[in-house]
Every structure is written in C-alpha cells, then in structure tokens.
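Following: one structure in structure tokens, then a few remarks.
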Amino acid sequence: MTKEKVTIQDIADALGISRNTASKALNGRTEIPEETRNKVIKKAIELKYKQFSYLESEQLLSKNSGNIALLTANLPNTSHFGSTLISGLEKQISAEGYNLSFHIIREVDQASLSLPNNFDVSNVDGIICIEMFNPAYSELITSLGVPTIFIDCASTVCYPEFKADILLMENQHSVYQLTKELITNGYSSFGFIGDYNHCLSFNERWLGFNRALSEAGIPLDLGQCIVDDDRLFFSRPSWLEERLNEMQKLPSAFICANDFIGVSFMKVLKNKNISVPHDVAICGFDNGPESMIVEPHLTTVHIYSNEMGVKAAEMLLSRINDPEQPYQVAHIFTKPLFRESTAGIR
C-alpha cells in the first residue's frame, strides 16, 4: 500500500543515507557532494516528494536524444509558481525527445563564477534558468554559447545586450490594475513591500504600482514602504516587525511583491493587533496555496504557471532549432484576484 505522504526520511532510507544528509542535499548545502545531491533529487522525483510530485520520473530520467539543463539557485517549493511551471516544461520537452537535468547553483558557485561539477556544457543542448538573479553569473551562462532561456532574471538586464530569451509572467499591468482598483474603491495611501531590485518581475511590479499612484496624483511615501535589500526579508524573523514599528503612520493599503511577503506581513500585523482589512488592506502576487490558507484570504495576482512552462519549452526548442533568430522577451498574462484582505472589492 502506497504511503499518503512521502517524507525526507523515506528518501534517506531508500538511498541508505542519513535524514540530515538528504535534507541538506535537497536544500543545496555546499558540504554535500554533487553526486549525492543528484541522487537525492532523483529519488525525490521518483517518490514524488512535495514539489517533485509534479514531475514524471520515468520521462525525466530516461535516456533521450538530447539534454536540457535546468539551472536554479533555489529549487522551487510547492508554494512557488515554478513547481507547476516545471511540470508543463518537462512534459513539453520530453515529448520532443529531451532529457531534463537539474543543477543547483550554490552561493559559492555564484561567488566564484563556477559551473556545477556535474554540468558538462558539451553535453547540453539548451539551458533553462529559474531563480537566477545574479547578473555576473547570468553573464557567465549566456557566454557559454548554448541556447538559453531565463524565466525571470536580474532587474538590471539590458535587453539588447543580453544574449538569451526571457520569459516572464505579466507584472506591471496587473499590479497597476490592482492598485488602480483599490484607488477607485476609496483607498488613498499606499505602501510597497519588497526589494524591487530582487529580480525583473519585482521591478516591473514596482513600476506598475508607481504608475497607478502617479496617474491618481497620489505621492509615493517611502516612509510607508519596506523596500530594503531582499536578504533582510529572510535573515531575521523579527525584521519586518522592526520596520513596521518605524512607520509613523500606516497607509490604507500595502502592495506586496509576492504572497510570501504578504502572508508574512499579515502575521506581523496580527501580532500587533492591526486588523486586515479593517485597519489596512494587503495584496500579494503569485496566487500560491498560502494565499487561500491565511485568514483573511489574500488578494493576489494569479500566474498561469503550467502555461508558462509550456511556453518556455517552446521558446527554448525554437532557439535550439534556429539559434540565429532574434532574441525574445515574452510575457504571459496574469489575473488580479480580489479577496477578503481588501475590503469591499470583488
């Protein structure tokens, strides 16, 4: 009888390693050898552990005619839009006879501008980059001369000089529409939470937010925003609360760069006895599972993740077949979803 829930211990037992080793491998820890990390990832796919349940291990591990390498600094979890995206991507490239291999780019690799030990550029037909926002490392990848697509990228990318295709979810117009709808419904002051230089998608969301304020004649008040370096959002659990305490006055609504930030900030507000949406409205972006778990349910923007995966595969396969074609920058439409965290809007 199949177990309902696969655990890290199951993966460790299947490979004859410790649970601690399996956990470190899945989290890309530097002390774990590349060969061990790959075995753990493959076993996680086989056992359909969490985000790996979206992948078809038989197709992923089969010996096909070509190889496409997926490079990522952070393997997407089940809450991340990338997990569903990888499912659509893998099925599309498998249908065309390609094998998909995973390569986790560690911080030490990025700092030293080194490729993973198990990455053989001579055996790679195409590269897909997810969560790769380091400009220097992105330049290293594009210099390899291998057809490459970035799903989101560094905020500093300059299209004419960037030698790769780029696929993004539509960011600017959806956040503009979301913010404009709040303004139409009486919200009069706004804050933004998130590092708008974290990646290009965050930057586009920031631009959409500012465009809506500008058109409505609402001045941007950075004192009501939290736009510090991205690492601070994860380094100290108390940091968001510290930043909130520094605000002299709350805006009527916060636009958060993604759902993770939105949900985290709602918890901070709750701890301060600040009511959502009575005292302040909160919006996120991604439509991740947590947006419907948190109370009240989070207003957000839906990403068509599976369709993005299919489109990414199509763009990369097109580049492999015709390397000299002009580079593309494509956006897949998104959809604002108004829920209880923004009162009075449906």
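Residue numbers start at 1 in each chain; chains themselves are named A, B, ... in the order of the structure tokens; ligands are numbered from 1 in the order shown.
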
Problem - helix (DSSP H, G or I) call set, DSSP backbone run, segment 9-142 of chain A, as JSON, numbers by chain - result: {"A": [9, 10, 11, 12, 13, 14, 15, 19, 20, 21, 22, 23, 24, 25, 26, 34, 35, 36, 37, 38, 39, 40, 41, 42, 43, 44, 45, 46, 47, 50, 51, 52, 53, 54, 57, 58, 59, 60, 61, 81, 82, 83, 84, 85, 86, 87, 88, 89, 90, 91, 92, 93, 94, 95, 107, 108, 109, 110, 111, 112, 121, 122, 123, 135, 136, 137, 138, 139, 140, 141, 142]}

Each residue of segment 175-256 of chain A lying at most 9 Å from segment 121-145 of chain A should get a row with its shortest atom-to-atom pair and the distance in Å to one decimal, counting only C-alpha atoms; could you produce that, ordered by chain and increasing number, as a tab-separated table?
```
residue	atom	partner	partner_atom	distance
A:His198	CA	A:Phe133	CA	7.4
A:Cys199	CA	A:Phe133	CA	6.0
A:Leu200	CA	A:Phe133	CA	8.4
```

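Excluding Ala25 of chain A and any residue on its chain fewer than 6 positions from it, the residues at most 12 Å away by only C-alpha atoms are A:Ile8, A:Ile11, A:Ala12, A:Ile17, A:Ser18, A:Arg19, A:Glu31, A:Ile32, A:Pro33, A:Glu34, A:Glu35, A:Thr36, A:Arg37, A:Asn38, A:Lys39, A:Val40, A:Ile41, A:Lys42, A:Lys43, A:Ala44, A:Leu75, A:His103, A:Ile104, A:Arg106.
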
Practice task
Can you pull out every residue within 7 Å of segment 184-187 of chain A, counting only C-alpha atoms, but drop anything in the same chain fewer than 3 positions away, and send it as a PyMOL selection string?
Solution key: chain A and resi 180-181+252-253

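Comparing A:Lys24, A:Arg205, A:Lys5, A:Lys163 by their smallest distance to Val329 of chain A, the closest is A:Lys163 (using only C-alpha atoms).
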